[in-house]
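I have placed the structure first, in the form of structure tokens, so that the comments after it can refer back to it.
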Amino acid sequence: MQNDESLRLILERGETASVEFKMSLADSRKIVETIAAMATIGGGVVLVGVRDDGTAMGAELGAGAVERLTQRILTGTDPRVFVDIDQPVYMEHRLLRIRVPAGDGPHLAFGRAYYRSGPATVAMSRDEYERRLLDRLRESSGFERRVERSASLSDLNPSAAARFCDLAKLRSTLPMHGLAVGELLSRLHLGDEKGITNAGLLLFGQHPQRQLPQAVIRARSQRGVVEDSRSIGGTLLQQIEEAAAFVARNLKMRTRRDGLVRTETSELPLTAVREVIANAVAHRDYRSTAPIQLYLTDQMLEIWNPGHLPSPLTLVSLRERHPSVPPNPFIARALYLAGYIEEWGTGTLRVIESMRAVGNPEVVFDCPGESGFRVVLPLPGAQPFGVSYRASETLAKLANGLPFRSADYAEAAGVSVRTAVGDLSGLEKAGLVRRVGIGRATRWVHGAEERSGDEPPRE
């Protein structure tokens, strides 16, 4: 009866910004749009099987309907919205209730941002979407400054502080040697005897994951039949060192010959590995419950972190000298002083140059659906990785050998048709798909194009 009472109150109050009634699942696209809008504004509930006036009629659900809706919500929202679905009974009518949690910044539905204006779901303007994204970045920056009142100086590791001071003495403009941990915190603006910030705990805590369990690196290596995996915690400096060591021990040596001189080098330059890991630690969104993920295969090292590329940076600008726009400036400053990262936006250039120097394929920077940031360091002889994770993942979903439209790809990827066309153009350049037909009759098929000698190349 408790469920009935809560439903009665919702039905009596009617539709609001956080409550939506739907008669059926006939238009699941609009349901997904409403879910994305509710997640953006702080959560809500969608009741299916209810008229607009709040009269419960019951939801007619075919076999597998809930599973299909759940899958469409996951593939259609970005960042993904993980809803809670149940089927309560009210006045002898079985309803479908979709509880929508508060989201992490603006959420997209099929490549478009929405919000709730009263009981209506409204498309968000580009300016509003960008403003909300910037607000999200500011909130992420504010997280590192948040004071953890339950923590005290006894929760800090004096050895970690002493090691930091030893590393920072070359870059700091102030004397660092012999500083007590409390003095170090004050100098770095990371807290005092009244409280310690999240950044202070992450950098110098005895057990940072007690307060911040999300701050870990999940590392996995799969080289042929040999697998290795571990969860790396500790302070941020420890995480960088241990993650780099994990990669190093799972890399193989390769023989290179320069004239008569034969040398053995690692499959990846370890300076690039360390740089990418340090940047992931420095720039991740620590509000997210997702860990940094490191995955090594026979083709590549992939490092993903829950973060975003802050304005005005773009994927193109990362390949040239660019400003440094850290979302966690206090953490970034500490890592700079300790020599783990550079302050002036040159880290990506060093990674690119070190990979080119050993003859490896080009580095890939990617923002897969704005759901995080990804860097791929290809191993020697790897196939080109100029295709985004989203594109390769979506192509796998469509791997049935049949021609498909741009709209089919857009629905499978949960993006707009315009974005889909861009992805497909990239897949075409990589030789993974080819275009058949022109105009409205255009279809895409798997595999590179086989062109006869007398057929002119397509522009």
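Residue numbering restarts at 1 in every chain; chains get A, B, ... in the order shown in the structure tokens, and ligands count up from 1 in that same order.
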Which residues are close to stretch 80-84 of chain A, i.e. within 10 Å by only C-alpha atoms, leaving aside same-chain residues fewer than 2 positions away? Reply as a ChimeraX atom specification. /A:32,35-36,38-40,43,45,70,73-78,86,97-104,107-109,369,371
Those same residues - C-alpha atoms - I'd like them written as a compact mmCIF listing (two decimals), in the first residue's frame.
# COMPACT_ATOMS: atom_id res chain seq x y z
CA VAL A 32 14.35 8.85 -23.90
CA ILE A 35 14.72 11.01 -19.40
CA ALA A 36 17.77 12.94 -20.64
CA MET A 38 15.13 15.05 -16.29
CA ALA A 39 18.65 13.82 -15.63
CA THR A 40 19.92 17.26 -16.67
CA GLY A 43 16.04 13.66 -11.83
CA VAL A 45 9.94 9.90 -12.75
CA THR A 70 16.33 -0.09 -21.21
CA ILE A 73 17.85 4.53 -22.96
CA LEU A 74 21.47 3.39 -22.53
CA THR A 75 22.40 3.75 -26.20
CA GLY A 76 20.39 6.95 -26.73
CA THR A 77 21.65 9.03 -23.79
CA ASP A 78 25.07 10.59 -23.41
CA ASP A 86 9.66 -1.34 -11.97
CA ARG A 97 7.60 3.43 -13.52
CA ILE A 98 10.93 4.80 -14.67
CA ARG A 99 12.90 6.53 -11.93
CA VAL A 100 15.47 8.94 -13.39
CA PRO A 101 18.48 9.85 -11.19
CA ALA A 102 20.09 13.27 -11.10
CA GLY A 103 22.65 13.38 -13.88
CA ASP A 104 26.22 14.57 -14.20
CA HIS A 107 22.72 14.89 -20.96
CA LEU A 108 22.11 14.33 -24.67
CA ALA A 109 19.37 12.22 -26.21
CA GLY A 369 30.47 10.97 -27.14
CA SER A 371 31.54 10.66 -22.03
Quick one: residues within 6 Å of A:Arg94, only C-alpha atoms, excluding same-chain residues fewer than 5 positions away - as a VMD selection string? chain A and resid 58 88 to 89
Compile the contact shell of A:Ser117 as a ChimeraX atom specification: residues with an atom at most 9 Å away, counting only C-alpha atoms, same-chain residues fewer than 5 positions apart removed. /A:16-17,122
Please provide as a count of residues only all residues within 10 Å of A:Leu377, with the sequence filter that same-chain residues fewer than 5 positions apart are discarded (counting only C-alpha atoms). 22
Output as a list of chain:residue names all residues of stretch 227-279 of chain A that backbone DSSP marks as helix (DSSP H, G or I). A:Leu236, A:Leu237, A:Gln238, A:Gln239, A:Ile240, A:Glu241, A:Glu242, A:Ala243, A:Ala244, A:Ala245, A:Phe246, A:Val247, A:Ala248, A:Arg249, A:Asn250, A:Leu270, A:Thr271, A:Ala272, A:Val273, A:Arg274, A:Glu275, A:Val276, A:Ile277, A:Ala278, A:Asn279
From the set A:Asn279, A:Thr34, A:Gln214, A:Thr265, which residue has the shortest atom-to-atom contact distance to A:Ile240, counting only C-alpha atoms? A:Asn279
How would you write, as a PyMOL selection string, the set of residues in stretch 107-319 of chain A that DSSP gives as strand (DSSP E or B)? chain A and resi 108-109+112-117+120-123+147-148+156+191-192+195-197+205+217-223+226-232+253-258+261-266+292-296+300-305
